[in-house]
$ cat upload-v6.pdb   # PDB, C-alpha atoms
ATOM      1  CA  MET A  24      16.061  20.030  -9.420
ATOM      2  CA  THR A  25      16.678  17.377  -6.759
ATOM      3  CA  ARG A  26      13.929  14.784  -6.649
ATOM      4  CA  LYS A  27      12.224  14.099  -3.351
ATOM      5  CA  ASN A  28      12.340  10.564  -1.970
ATOM      6  CA  ILE A  29       9.378   8.423  -0.959
ATOM      7  CA  ALA A  30       9.839   4.988   0.554
ATOM      8  CA  VAL A  31       6.981   2.512   0.206
ATOM      9  CA  ILE A  32       7.231  -0.114   2.940
ATOM     10  CA  GLY A  33       5.590  -3.526   2.760
ATOM     11  CA  GLU A  34       5.504  -7.032   1.359
ATOM     12  CA  CYS A  35       5.287  -8.533  -2.098
ATOM     13  CA  MET A  36       4.327 -12.205  -2.359
ATOM     14  CA  ILE A  37       4.469 -14.934  -4.956
ATOM     15  CA  GLU A  38       0.992 -15.370  -6.446
ATOM     16  CA  LEU A  39      -0.299 -18.636  -7.890
ATOM     17  CA  SER A  40      -3.681 -18.503  -9.619
ATOM     18  CA  GLN A  41      -5.816 -20.990 -11.517
ATOM     19  CA  LYS A  42      -5.526 -20.853 -15.287
ATOM     20  CA  GLU A  43      -7.616 -23.544 -16.971
ATOM     21  CA  GLN A  44      -6.181 -26.812 -15.588
ATOM     22  CA  GLY A  45      -2.912 -25.320 -14.324
ATOM     23  CA  LEU A  46      -1.508 -22.512 -12.234
ATOM     24  CA  SER A  47       0.025 -19.260 -13.411
ATOM     25  CA  ARG A  48       2.663 -17.458 -11.356
ATOM     26  CA  GLY A  49       2.800 -13.773 -10.646
ATOM     27  CA  PHE A  50       3.615 -11.378  -7.824
ATOM     28  CA  GLY A  51       1.293  -9.339  -5.631
ATOM     29  CA  GLY A  52       1.214  -6.930  -2.733
ATOM     30  CA  ASP A  53      -0.849  -3.874  -1.783
ATOM     31  CA  THR A  54       2.042  -1.477  -1.220
ATOM     32  CA  LEU A  55       3.952  -2.805  -4.230
ATOM     33  CA  ASN A  56       0.943  -1.969  -6.408
ATOM     34  CA  THR A  57       0.966   1.580  -5.042
ATOM     35  CA  ALA A  58       4.726   1.930  -5.588
ATOM     36  CA  VAL A  59       4.464   0.851  -9.247
ATOM     37  CA  TYR A  60       1.516   3.112 -10.083
ATOM     38  CA  LEU A  61       3.163   6.037  -8.292
ATOM     39  CA  ALA A  62       6.456   5.564 -10.147
ATOM     40  CA  ARG A  63       4.545   5.445 -13.444
ATOM     41  CA  GLN A  64       2.849   8.777 -12.790
ATOM     42  CA  THR A  65       5.588  11.048 -11.493
ATOM     43  CA  SER A  66       9.158  11.804 -12.417
ATOM     44  CA  GLN A  67       9.456  14.312  -9.587
ATOM     45  CA  LEU A  68       9.589  11.654  -6.871
ATOM     46  CA  ALA A  69      12.148   8.872  -6.503
ATOM     47  CA  VAL A  70      10.055   5.853  -5.469
ATOM     48  CA  HIS A  71      11.884   3.302  -3.309
ATOM     49  CA  TYR A  72      10.463  -0.037  -2.178
ATOM     50  CA  VAL A  73      11.422  -1.285   1.281
ATOM     51  CA  THR A  74      11.042  -4.956   2.121
ATOM     52  CA  ALA A  75      13.064  -8.139   2.552
ATOM     53  CA  LEU A  76      13.361 -11.029   0.122
ATOM     54  CA  GLY A  77      15.271 -14.271  -0.135
ATOM     55  CA  THR A  78      18.233 -15.117  -2.347
ATOM     56  CA  ASP A  79      16.082 -17.406  -4.512
ATOM     57  CA  THR A  80      15.196 -16.936  -8.177
ATOM     58  CA  PHE A  81      11.637 -15.811  -7.354
ATOM     59  CA  SER A  82      13.056 -12.931  -5.319
ATOM     60  CA  SER A  83      15.476 -12.052  -8.121
ATOM     61  CA  ASP A  84      12.594 -12.008 -10.614
ATOM     62  CA  MET A  85      10.649  -9.639  -8.343
ATOM     63  CA  LEU A  86      13.574  -7.227  -8.113
ATOM     64  CA  ALA A  87      14.079  -7.240 -11.870
ATOM     65  CA  ALA A  88      10.374  -6.490 -12.449
ATOM     66  CA  TRP A  89      10.390  -3.589  -9.965
ATOM     67  CA  GLN A  90      13.532  -2.103 -11.474
ATOM     68  CA  GLN A  91      11.908  -2.232 -14.902
ATOM     69  CA  GLU A  92       9.090  -0.129 -13.426
ATOM     70  CA  LYS A  93      11.668   2.430 -12.214
ATOM     71  CA  VAL A  94      11.021   1.497  -8.582
ATOM     72  CA  GLN A  95      14.328   1.766  -6.734
ATOM     73  CA  THR A  96      15.413  -1.387  -4.901
ATOM     74  CA  GLY A  97      18.564  -0.359  -3.048
ATOM     75  CA  LEU A  98      16.757  -0.619   0.299
ATOM     76  CA  VAL A  99      15.559  -4.203  -0.267
ATOM     77  CA  GLN A 100      17.376  -6.719   1.944
ATOM     78  CA  ARG A 101      18.201 -10.253   0.740
ATOM     79  CA  MET A 102      18.104 -12.938   3.442
ATOM     80  CA  GLU A 103      19.743 -16.300   2.774
ATOM     81  CA  ASN A 104      17.548 -18.262   5.190
ATOM     82  CA  LYS A 105      14.189 -16.755   4.162
ATOM     83  CA  LEU A 106      11.801 -16.795   1.203
ATOM     84  CA  PRO A 107       8.992 -14.504   0.000
ATOM     85  CA  GLY A 108       5.467 -15.250   1.176
ATOM     86  CA  LEU A 109       3.131 -17.222  -1.095
ATOM     87  CA  TYR A 110      -0.588 -17.110  -1.805
ATOM     88  CA  VAL A 111      -2.890 -19.117  -4.039
ATOM     89  CA  ILE A 112      -6.093 -17.826  -5.650
ATOM     90  CA  GLU A 113      -8.748 -20.501  -6.137
ATOM     91  CA  THR A 114     -11.680 -19.560  -8.385
ATOM     92  CA  ASP A 115     -14.951 -21.495  -8.318
ATOM     93  CA  ALA A 116     -17.423 -22.106 -11.150
ATOM     94  CA  HIS A 117     -19.213 -18.813 -10.398
ATOM     95  CA  GLY A 118     -16.044 -16.726 -10.541
ATOM     96  CA  GLU A 119     -15.822 -16.270  -6.778
ATOM     97  CA  ARG A 120     -12.238 -16.182  -5.498
ATOM     98  CA  THR A 121     -10.761 -17.729  -2.341
ATOM     99  CA  PHE A 122      -7.264 -16.841  -1.126
ATOM    100  CA  TYR A 123      -4.846 -19.136   0.746
ATOM    101  CA  TYR A 124      -1.686 -17.692   2.326
ATOM    102  CA  TRP A 125       1.709 -19.014   3.435
ATOM    103  CA  ARG A 126       3.595 -16.056   4.950
ATOM    104  CA  ASN A 127       4.333 -16.668   8.651
ATOM    105  CA  ASP A 128       8.074 -17.025   8.034
ATOM    106  CA  ALA A 129       8.311 -14.717   5.008
ATOM    107  CA  ALA A 130      11.416 -12.542   4.686
ATOM    108  CA  ALA A 131       9.384  -9.311   4.691
ATOM    109  CA  ARG A 132       8.238 -10.026   8.243
ATOM    110  CA  PHE A 133      11.823  -9.576   9.465
ATOM    111  CA  TRP A 134      13.088  -6.583   7.469
ATOM    112  CA  LEU A 135      13.562  -4.533  10.654
ATOM    113  CA  GLU A 136      15.639  -7.323  12.197
ATOM    114  CA  GLY A 137      17.922  -8.017   9.225
ATOM    115  CA  PRO A 138      21.652  -7.272   9.001
ATOM    116  CA  ARG A 139      21.071  -3.990   7.125
ATOM    117  CA  ALA A 140      18.106  -2.838   9.217
ATOM    118  CA  GLU A 141      19.940  -0.130  11.185
ATOM    119  CA  GLU A 142      21.615   1.298   8.079
ATOM    120  CA  ILE A 143      18.317   1.346   6.194
ATOM    121  CA  CYS A 144      16.486   3.014   9.074
ATOM    122  CA  GLN A 145      19.153   5.710   9.214
ATOM    123  CA  GLN A 146      18.502   6.452   5.541
ATOM    124  CA  LEU A 147      14.713   6.309   5.853
ATOM    125  CA  ALA A 148      14.747   8.783   8.724
ATOM    126  CA  GLN A 149      15.988  11.380   6.210
ATOM    127  CA  PHE A 150      13.347  10.650   3.542
ATOM    128  CA  ASP A 151      10.734  13.187   2.502
ATOM    129  CA  TYR A 152       7.864  10.665   2.665
ATOM    130  CA  LEU A 153       7.286   7.202   4.130
ATOM    131  CA  TYR A 154       4.239   5.205   2.984
ATOM    132  CA  LEU A 155       2.882   1.971   4.443
ATOM    133  CA  SER A 156      -0.357   0.070   4.971
ATOM    134  CA  GLY A 157      -2.064  -1.845   7.728
ATOM    135  CA  ILE A 158      -0.655  -5.003   6.161
ATOM    136  CA  SER A 159       2.896  -3.582   6.357
ATOM    137  CA  LEU A 160       2.237  -3.122  10.072
ATOM    138  CA  ALA A 161       0.491  -6.439  10.678
ATOM    139  CA  ILE A 162       3.164  -8.740   9.253
ATOM    140  CA  LEU A 163       5.873  -7.451  11.599
ATOM    141  CA  THR A 164       6.849  -8.969  14.916
ATOM    142  CA  PRO A 165       5.868  -6.888  17.966
ATOM    143  CA  ALA A 166       9.487  -5.761  18.296
ATOM    144  CA  GLY A 167       9.512  -4.834  14.618
ATOM    145  CA  ARG A 168       6.382  -2.702  15.053
ATOM    146  CA  GLU A 169       7.984  -0.768  17.888
ATOM    147  CA  LYS A 170      11.068  -0.100  15.756
ATOM    148  CA  LEU A 171       8.882   1.016  12.872
ATOM    149  CA  ILE A 172       6.879   3.509  14.948
ATOM    150  CA  THR A 173      10.145   4.924  16.301
ATOM    151  CA  LEU A 174      11.472   5.271  12.748
ATOM    152  CA  LEU A 175       8.317   7.056  11.569
ATOM    153  CA  ALA A 176       8.517   9.501  14.468
ATOM    154  CA  ARG A 177      12.195  10.212  13.660
ATOM    155  CA  CYS A 178      11.364  10.872  10.023
ATOM    156  CA  ARG A 179       8.648  13.357  11.012
ATOM    157  CA  SER A 180      10.958  15.113  13.465
ATOM    158  CA  ASN A 181      13.358  15.596  10.531
ATOM    159  CA  GLY A 182      10.611  17.237   8.458
ATOM    160  CA  GLY A 183       9.342  14.153   6.604
ATOM    161  CA  LYS A 184       5.713  13.096   6.251
ATOM    162  CA  VAL A 185       4.131   9.720   6.952
ATOM    163  CA  ILE A 186       1.308   8.303   4.821
ATOM    164  CA  PHE A 187      -0.814   5.336   5.946
ATOM    165  CA  ASP A 188      -3.488   3.195   4.273
ATOM    166  CA  ASN A 189      -5.658   1.448   6.864
ATOM    167  CA  ASN A 190      -5.956  -1.858   4.903
ATOM    168  CA  TYR A 191      -7.034  -3.943   7.922
ATOM    169  CA  ARG A 192      -6.873  -7.753   7.600
ATOM    170  CA  PRO A 193      -8.174  -9.430  10.792
ATOM    171  CA  ARG A 194      -6.490 -12.770  10.082
ATOM    172  CA  LEU A 195      -3.050 -11.118  10.361
ATOM    173  CA  TRP A 196      -3.631  -9.979  13.946
ATOM    174  CA  ALA A 197      -3.724 -12.016  17.157
ATOM    175  CA  SER A 198      -6.734 -10.012  18.343
ATOM    176  CA  VAL A 199      -8.750  -6.888  17.597
ATOM    177  CA  ALA A 200      -7.286  -5.291  20.732
ATOM    178  CA  GLU A 201      -3.732  -5.845  19.450
ATOM    179  CA  ALA A 202      -4.638  -4.296  16.100
ATOM    180  CA  GLN A 203      -6.350  -1.307  17.713
ATOM    181  CA  ALA A 204      -3.323  -0.583  19.889
ATOM    182  CA  ALA A 205      -0.994  -0.760  16.878
ATOM    183  CA  TYR A 206      -3.258   1.474  14.794
ATOM    184  CA  ARG A 207      -3.466   4.073  17.560
ATOM    185  CA  SER A 208       0.329   4.232  17.675
ATOM    186  CA  MET A 209       0.453   4.389  13.893
ATOM    187  CA  LEU A 210      -2.110   7.177  13.509
ATOM    188  CA  ALA A 211      -0.293   9.263  16.103
ATOM    189  CA  VAL A 212       2.672   9.519  13.686
ATOM    190  CA  THR A 213       0.638   9.806  10.456
ATOM    191  CA  ASP A 214       0.169  12.939   8.346
ATOM    192  CA  ILE A 215      -2.053  11.562   5.529
ATOM    193  CA  ALA A 216      -4.400   8.605   6.095
ATOM    194  CA  PHE A 217      -6.233   6.682   3.364
ATOM    195  CA  LEU A 218      -9.254   4.936   4.867
ATOM    196  CA  THR A 219     -11.953   2.599   3.615
ATOM    197  CA  LEU A 220     -15.119   2.492   5.702
ATOM    198  CA  ASP A 221     -15.409  -1.311   5.624
ATOM    199  CA  ASP A 222     -11.986  -1.647   7.247
ATOM    200  CA  GLU A 223     -12.762   1.100   9.751
ATOM    201  CA  HIS A 224     -15.976  -0.645  10.772
ATOM    202  CA  LEU A 225     -14.241  -4.006  11.131
ATOM    203  CA  LEU A 226     -11.565  -2.525  13.373
ATOM    204  CA  TRP A 227     -13.442   0.052  15.442
ATOM    205  CA  GLY A 228     -17.120  -0.904  15.137
ATOM    206  CA  GLU A 229     -19.958   0.752  13.260
ATOM    207  CA  THR A 230     -19.446   4.506  12.912
ATOM    208  CA  GLY A 231     -20.734   6.954  10.324
ATOM    209  CA  VAL A 232     -18.308   8.646   7.979
ATOM    210  CA  GLU A 233     -18.340  11.876   9.990
ATOM    211  CA  GLY A 234     -17.354   9.925  13.091
ATOM    212  CA  VAL A 235     -14.555   8.132  11.235
ATOM    213  CA  ILE A 236     -13.121  11.444  10.015
ATOM    214  CA  ALA A 237     -13.394  13.061  13.447
ATOM    215  CA  ARG A 238     -11.792  10.076  15.208
ATOM    216  CA  THR A 239      -8.870  10.051  12.757
ATOM    217  CA  HIS A 240      -8.214  13.782  13.121
ATOM    218  CA  GLU A 241      -8.366  13.394  16.903
ATOM    219  CA  ALA A 242      -5.734  10.641  16.654
ATOM    220  CA  GLY A 243      -3.354  13.211  15.169
ATOM    221  CA  VAL A 244      -3.817  12.861  11.382
ATOM    222  CA  SER A 245      -4.031  16.183   9.512
ATOM    223  CA  GLU A 246      -5.309  14.879   6.138
ATOM    224  CA  VAL A 247      -7.933  12.131   5.895
ATOM    225  CA  VAL A 248      -8.925  10.580   2.565
ATOM    226  CA  ILE A 249     -12.008   8.329   2.578
ATOM    227  CA  LYS A 250     -11.969   5.916  -0.371
ATOM    228  CA  ARG A 251     -15.472   4.723  -1.274
ATOM    229  CA  GLY A 252     -15.037   2.759  -4.498
ATOM    230  CA  ALA A 253     -17.539   3.829  -7.144
ATOM    231  CA  GLU A 254     -18.898   6.564  -4.861
ATOM    232  CA  ALA A 255     -17.362  10.003  -4.368
ATOM    233  CA  CYS A 256     -14.292  10.098  -2.174
ATOM    234  CA  LEU A 257     -14.030  12.544   0.711
ATOM    235  CA  VAL A 258     -10.938  14.526   1.673
ATOM    236  CA  SER A 259     -10.782  16.259   5.037
ATOM    237  CA  VAL A 260      -7.809  18.510   5.737
ATOM    238  CA  ALA A 261      -7.761  19.757   9.329
ATOM    239  CA  GLY A 262      -9.285  23.211   9.585
ATOM    240  CA  GLU A 263     -10.725  23.173   6.053
ATOM    241  CA  PRO A 264     -14.126  22.179   4.615
ATOM    242  CA  ILE A 265     -14.501  18.564   3.491
ATOM    243  CA  VAL A 266     -13.953  18.110  -0.249
ATOM    244  CA  GLU A 267     -16.167  15.601  -2.096
ATOM    245  CA  VAL A 268     -14.914  14.374  -5.477
ATOM    246  CA  PRO A 269     -17.100  12.079  -7.644
ATOM    247  CA  ALA A 270     -15.666   8.839  -8.970
ATOM    248  CA  GLN A 271     -15.262   8.130 -12.684
ATOM    249  CA  ALA A 272     -18.551   6.549 -13.798
ATOM    250  CA  LEU A 273     -18.145   3.228 -15.613
ATOM    251  CA  PRO A 274     -20.804   0.833 -16.939
ATOM    252  CA  ALA A 275     -20.681  -2.573 -15.257
ATOM    253  CA  SER A 276     -19.659  -4.174 -18.557
ATOM    254  CA  ARG A 277     -16.366  -2.252 -18.477
ATOM    255  CA  ILE A 278     -15.358  -3.455 -15.001
ATOM    256  CA  VAL A 279     -13.125  -6.500 -15.411
ATOM    257  CA  ASP A 280     -11.191  -6.868 -12.143
ATOM    258  CA  THR A 281     -11.251  -4.614  -9.065
ATOM    259  CA  THR A 282      -7.910  -5.898  -7.762
ATOM    260  CA  ALA A 283      -5.643  -2.976  -6.742
ATOM    261  CA  ALA A 284      -8.387  -0.358  -7.196
ATOM    262  CA  GLY A 285      -7.691   1.178  -3.786
ATOM    263  CA  ASP A 286      -3.905   0.832  -4.113
ATOM    264  CA  SER A 287      -3.903   2.589  -7.473
ATOM    265  CA  PHE A 288      -6.229   5.346  -6.203
ATOM    266  CA  SER A 289      -3.699   6.121  -3.470
ATOM    267  CA  ALA A 290      -0.894   6.243  -6.042
ATOM    268  CA  GLY A 291      -2.801   8.628  -8.299
ATOM    269  CA  TYR A 292      -3.706  10.860  -5.366
ATOM    270  CA  LEU A 293      -0.115  11.035  -4.135
ATOM    271  CA  ALA A 294       1.308  11.628  -7.617
ATOM    272  CA  VAL A 295      -0.540  14.957  -7.589
ATOM    273  CA  ARG A 296      -0.688  15.828  -3.897
ATOM    274  CA  LEU A 297       3.009  15.314  -3.148
ATOM    275  CA  ASN A 298       3.921  17.419  -6.152
ATOM    276  CA  GLY A 299       1.976  20.466  -4.963
ATOM    277  CA  GLY A 300      -1.538  19.775  -6.288
ATOM    278  CA  ASP A 301      -4.644  20.498  -4.231
ATOM    279  CA  ALA A 302      -6.818  17.793  -2.669
ATOM    280  CA  ALA A 303      -9.572  17.908  -5.307
ATOM    281  CA  GLU A 304      -7.107  17.640  -8.183
ATOM    282  CA  ALA A 305      -5.333  14.779  -6.404
ATOM    283  CA  ALA A 306      -8.600  12.912  -5.835
ATOM    284  CA  ARG A 307      -9.550  13.259  -9.494
ATOM    285  CA  ARG A 308      -6.238  11.680 -10.478
ATOM    286  CA  GLY A 309      -6.832   8.920  -7.951
ATOM    287  CA  HIS A 310     -10.246   8.148  -9.440
ATOM    288  CA  LEU A 311      -8.850   8.247 -12.985
ATOM    289  CA  THR A 312      -6.077   5.811 -12.101
ATOM    290  CA  ALA A 313      -8.378   3.386 -10.281
ATOM    291  CA  SER A 314     -11.056   3.483 -12.976
ATOM    292  CA  THR A 315      -8.421   2.613 -15.577
ATOM    293  CA  VAL A 316      -6.953  -0.242 -13.544
ATOM    294  CA  ILE A 317     -10.295  -1.993 -12.973
ATOM    295  CA  GLN A 318     -10.893  -2.199 -16.724
ATOM    296  CA  HIS A 319      -8.002  -4.685 -16.992
ATOM    297  CA  ARG A 320      -7.266  -8.040 -15.424
ATOM    298  CA  GLY A 321      -4.656  -8.256 -12.697
ATOM    299  CA  ALA A 322      -3.190  -5.887 -10.129
ATOM    300  CA  ILE A 323      -0.592  -4.326 -12.437
ATOM    301  CA  ILE A 324      -1.994  -3.356 -15.838
ATOM    302  CA  PRO A 325       0.199  -2.904 -18.933
ATOM    303  CA  LEU A 326       2.086   0.355 -19.043
ATOM    304  CA  SER A 327       0.477   1.091 -22.407
ATOM    305  CA  ALA A 328      -2.974   1.053 -20.743
ATOM    306  CA  MET A 329      -2.163   3.831 -18.264
ATOM    307  CA  PRO A 330      -4.199   7.040 -18.571
ATOM    308  CA  ASP A 331      -2.545   9.911 -20.406
ATOM    309  CA  VAL A 332      -1.579  12.299 -17.603
ATOM    310  CA  PRO A 333       1.362  14.648 -17.003
ATOM    311  CA  ALA A 334       4.355  12.834 -15.503
TER     312      ALA A 334
END
$ encode --input "upload-v6.pdb" --output "structure tokens"
Amino acid sequence: MTRKNIAVIGECMIELSQKEQGLSRGFGGDTLNTAVYLARQTSQLAVHYVTALGTDTFSSDMLAAWQQEKVQTGLVQRMENKLPGLYVIETDAHGERTFYYWRNDAAARFWLEGPRAEEICQQLAQFDYLYLSGISLAILTPAGREKLITLLARCRSNGGKVIFDNNYRPRLWASVAEAQAAYRSMLAVTDIAFLTLDDEHLLWGETGVEGVIARTHEAGVSEVVIKRGAEACLVSVAGEPIVEVPAQALPASRIVDTTAAGDSFSAGYLAVRLNGGDAAEAARRGHLTASTVIQHRGAIIPLSAMPDVPA
């Protein structure tokens, strides 16, 4: 049986975090987290990561790590005059974290303007699924965003589906109005949307969950998934009753690090949904994946710690 292809589009950055008196180096990115957890949970989808990196050793280390996770990297561009973005996590005496970013000239920002961009877009237009987040959208130049929306529309016209996680970060946008315009264009070419209410409220203003679901359907999205952390998630498929699926209950003592909880939920959901499962079954897998991830430190937990689920 021929595997279907999903491309996960976004940015992975170099991460520096405090460790005692020094700094430890890792890698991080919302869509990369989703790509890894999706690849770990399905053998029926070929998971490709789409971004741009430099020709430096950090970029080479990233590629090697992704390949080890069975994430395909043939659509990753290497740019000689660019580097990956960088962020530093500073932790105070109370455990509160502050993030500092250096990404304005990062390679990923220019993946749609690189020497292989046209060739890669031609391939992506034939994919079964394209997945991206609000961060994937925000880091692009205005010209890059226009090219991306055109690509997504082409993929859908060829029978593919587009999946979007709202992941809104105000600091990445010049204004709320710019972000709203980009999100409207994005939702108009989206089939499945993962939303968190905090991000929706930041972007569009205070609206109840029913209003958020209605607005997203009206924008053109057929399947809306509301992620609510430790609360039940909601799945609204156009024309069907809303499905409410409780989260996996965990005592506070078991919660170690909530990094990548939402990213891993999306991966678990898609691992089931894109392989023919119904919305409730998909949401249960999403909750199981997220509840496992938050019991370990870091965005990517050891493979041995993954829940025992069918591949």
$ atom_distance --input "upload-v6.pdb" --atom1 "CA of Ala255 in chain A" --atom2 "CA of Val232 in chain A"
12.5 Å
$ residues_around --input "upload-v6.pdb" --residues "range 151-154 of chain A" --least-positions-apart "2" --cutoff "9 Å" --atoms "all atoms listed in the file" --output "VMD selection string"
chain A and resid 27 to 33 54 147 to 149 156 175 178 to 179 181 to 188 297
$ residues_around --input "upload-v6.pdb" --residues "range 159-169 of chain A" --least-positions-apart "3" --cutoff "8 Å" --atoms "only C-alpha atoms" --output "compact mmCIF listing (two decimals) with C-alpha atoms, keeping the file's coordinate frame"
# COMPACT_ATOMS: atom_id res chain seq x y z
CA ILE A 32 7.23 -0.11 2.94
CA GLY A 33 5.59 -3.53 2.76
CA GLU A 34 5.50 -7.03 1.36
CA THR A 54 2.04 -1.48 -1.22
CA ALA A 131 9.38 -9.31 4.69
CA ARG A 132 8.24 -10.03 8.24
CA PHE A 133 11.82 -9.58 9.46
CA LEU A 135 13.56 -4.53 10.65
CA GLU A 136 15.64 -7.32 12.20
CA LEU A 155 2.88 1.97 4.44
CA SER A 156 -0.36 0.07 4.97
CA ILE A 172 6.88 3.51 14.95
CA THR A 173 10.14 4.92 16.30
CA LEU A 195 -3.05 -11.12 10.36
CA TRP A 196 -3.63 -9.98 13.95
CA ALA A 202 -4.64 -4.30 16.10
CA ALA A 205 -0.99 -0.76 16.88
$ closest_residue --input "upload-v6.pdb" --among "A:Pro264, A:Gly299, A:Pro107, A:Pro325" --to "Gly52 in chain A" --atoms "all atoms listed in the file"
A:Pro107
$ resolve_selection --input "upload-v6.pdb" --expression "the PyMOL selection byres ((chain A and resi 124) around 7)" --output "list in words"
Leu109, Tyr110, Val111, Phe122, Tyr123, Trp125 and Arg126 of chain A
$ resolve_selection --input "upload-v6.pdb" --expression "the PyMOL selection byres ((chain A and resi 47) around 12)" --output "ChimeraX atom specification"
/A:37-46,48-50,110-113,321
$ atom_distance --input "upload-v6.pdb" --atom1 "CA of His71 in chain A" --atom2 "CA of Glu201 in chain A"
29.1 Å
$ resolve_selection --input "upload-v6.pdb" --expression "the PyMOL selection byres ((chain A and resi 266-282) around 12)" --output "ChimeraX atom specification"
/A:51-53,56-57,118-120,246-261,263-265,283-288,292,301-324
$ atom_distance --input "upload-v6.pdb" --atom1 "CA of Arg194 in chain A" --atom2 "CA of Thr219 in chain A"
17.5 Å
$ closest_residue --input "upload-v6.pdb" --among "A:Thr25, A:Asn190, A:Gln145, A:Ser208" --to "Glu223 in chain A" --atoms "only C-alpha atoms"
A:Asn190
$ decode --input "upload-v6.pdb" --residues "range 151-168 of chain A" --atoms "N, CA and C atoms" --output "PDB file, in the first residue's frame"
ATOM      1  N   ASP A 151      -0.823  14.890  -0.040  1.00  0.00           N
ATOM      2  CA  ASP A 151      -2.147  14.576   0.502  1.00  0.00           C
ATOM      3  C   ASP A 151      -2.549  15.556   1.593  1.00  0.00           C
ATOM      4  N   TYR A 152      -1.558  15.987   2.417  1.00  0.00           N
ATOM      5  CA  TYR A 152      -1.839  16.884   3.537  1.00  0.00           C
ATOM      6  C   TYR A 152      -0.699  17.873   3.706  1.00  0.00           C
ATOM      7  N   LEU A 153      -1.057  19.123   3.998  1.00  0.00           N
ATOM      8  CA  LEU A 153      -0.078  20.149   4.378  1.00  0.00           C
ATOM      9  C   LEU A 153      -0.482  20.680   5.750  1.00  0.00           C
ATOM     10  N   TYR A 154       0.485  20.743   6.667  1.00  0.00           N
ATOM     11  CA  TYR A 154       0.228  21.182   8.042  1.00  0.00           C
ATOM     12  C   TYR A 154       1.145  22.359   8.362  1.00  0.00           C
ATOM     13  N   LEU A 155       0.593  23.385   8.988  1.00  0.00           N
ATOM     14  CA  LEU A 155       1.401  24.514   9.440  1.00  0.00           C
ATOM     15  C   LEU A 155       0.721  25.194  10.608  1.00  0.00           C
ATOM     16  N   SER A 156       1.441  26.133  11.226  1.00  0.00           N
ATOM     17  CA  SER A 156       0.905  26.847  12.387  1.00  0.00           C
ATOM     18  C   SER A 156       0.932  28.348  12.128  1.00  0.00           C
ATOM     19  N   GLY A 157       0.359  29.078  13.080  1.00  0.00           N
ATOM     20  CA  GLY A 157       0.405  30.531  12.992  1.00  0.00           C
ATOM     21  C   GLY A 157       1.821  31.063  13.010  1.00  0.00           C
ATOM     22  N   ILE A 158       2.729  30.332  13.657  1.00  0.00           N
ATOM     23  CA  ILE A 158       4.137  30.744  13.659  1.00  0.00           C
ATOM     24  C   ILE A 158       4.745  30.531  12.281  1.00  0.00           C
ATOM     25  N   SER A 159       4.410  29.413  11.624  1.00  0.00           N
ATOM     26  CA  SER A 159       4.892  29.168  10.252  1.00  0.00           C
ATOM     27  C   SER A 159       4.512  30.325   9.344  1.00  0.00           C
ATOM     28  N   LEU A 160       3.322  30.866   9.563  1.00  0.00           N
ATOM     29  CA  LEU A 160       2.798  31.973   8.772  1.00  0.00           C
ATOM     30  C   LEU A 160       3.472  33.287   9.151  1.00  0.00           C
ATOM     31  N   ALA A 161       3.649  33.502  10.439  1.00  0.00           N
ATOM     32  CA  ALA A 161       4.144  34.788  10.935  1.00  0.00           C
ATOM     33  C   ALA A 161       5.585  35.077  10.544  1.00  0.00           C
ATOM     34  N   ILE A 162       6.428  34.050  10.484  1.00  0.00           N
ATOM     35  CA  ILE A 162       7.851  34.296  10.240  1.00  0.00           C
ATOM     36  C   ILE A 162       8.150  34.664   8.799  1.00  0.00           C
ATOM     37  N   LEU A 163       7.204  34.439   7.889  1.00  0.00           N
ATOM     38  CA  LEU A 163       7.449  34.690   6.474  1.00  0.00           C
ATOM     39  C   LEU A 163       7.402  36.185   6.148  1.00  0.00           C
ATOM     40  N   THR A 164       8.039  36.545   5.058  1.00  0.00           N
ATOM     41  CA  THR A 164       7.877  37.890   4.514  1.00  0.00           C
ATOM     42  C   THR A 164       6.470  37.997   3.929  1.00  0.00           C
ATOM     43  N   PRO A 165       5.958  39.207   3.735  1.00  0.00           N
ATOM     44  CA  PRO A 165       4.634  39.336   3.106  1.00  0.00           C
ATOM     45  C   PRO A 165       4.540  38.626   1.762  1.00  0.00           C
ATOM     46  N   ALA A 166       5.600  38.709   0.968  1.00  0.00           N
ATOM     47  CA  ALA A 166       5.598  38.015  -0.329  1.00  0.00           C
ATOM     48  C   ALA A 166       5.561  36.502  -0.123  1.00  0.00           C
ATOM     49  N   GLY A 167       6.284  36.036   0.888  1.00  0.00           N
ATOM     50  CA  GLY A 167       6.288  34.611   1.196  1.00  0.00           C
ATOM     51  C   GLY A 167       4.909  34.125   1.606  1.00  0.00           C
ATOM     52  N   ARG A 168       4.191  34.942   2.396  1.00  0.00           N
ATOM     53  CA  ARG A 168       2.835  34.546   2.809  1.00  0.00           C
ATOM     54  C   ARG A 168       1.906  34.401   1.606  1.00  0.00           C
TER      55      ARG A 168
END
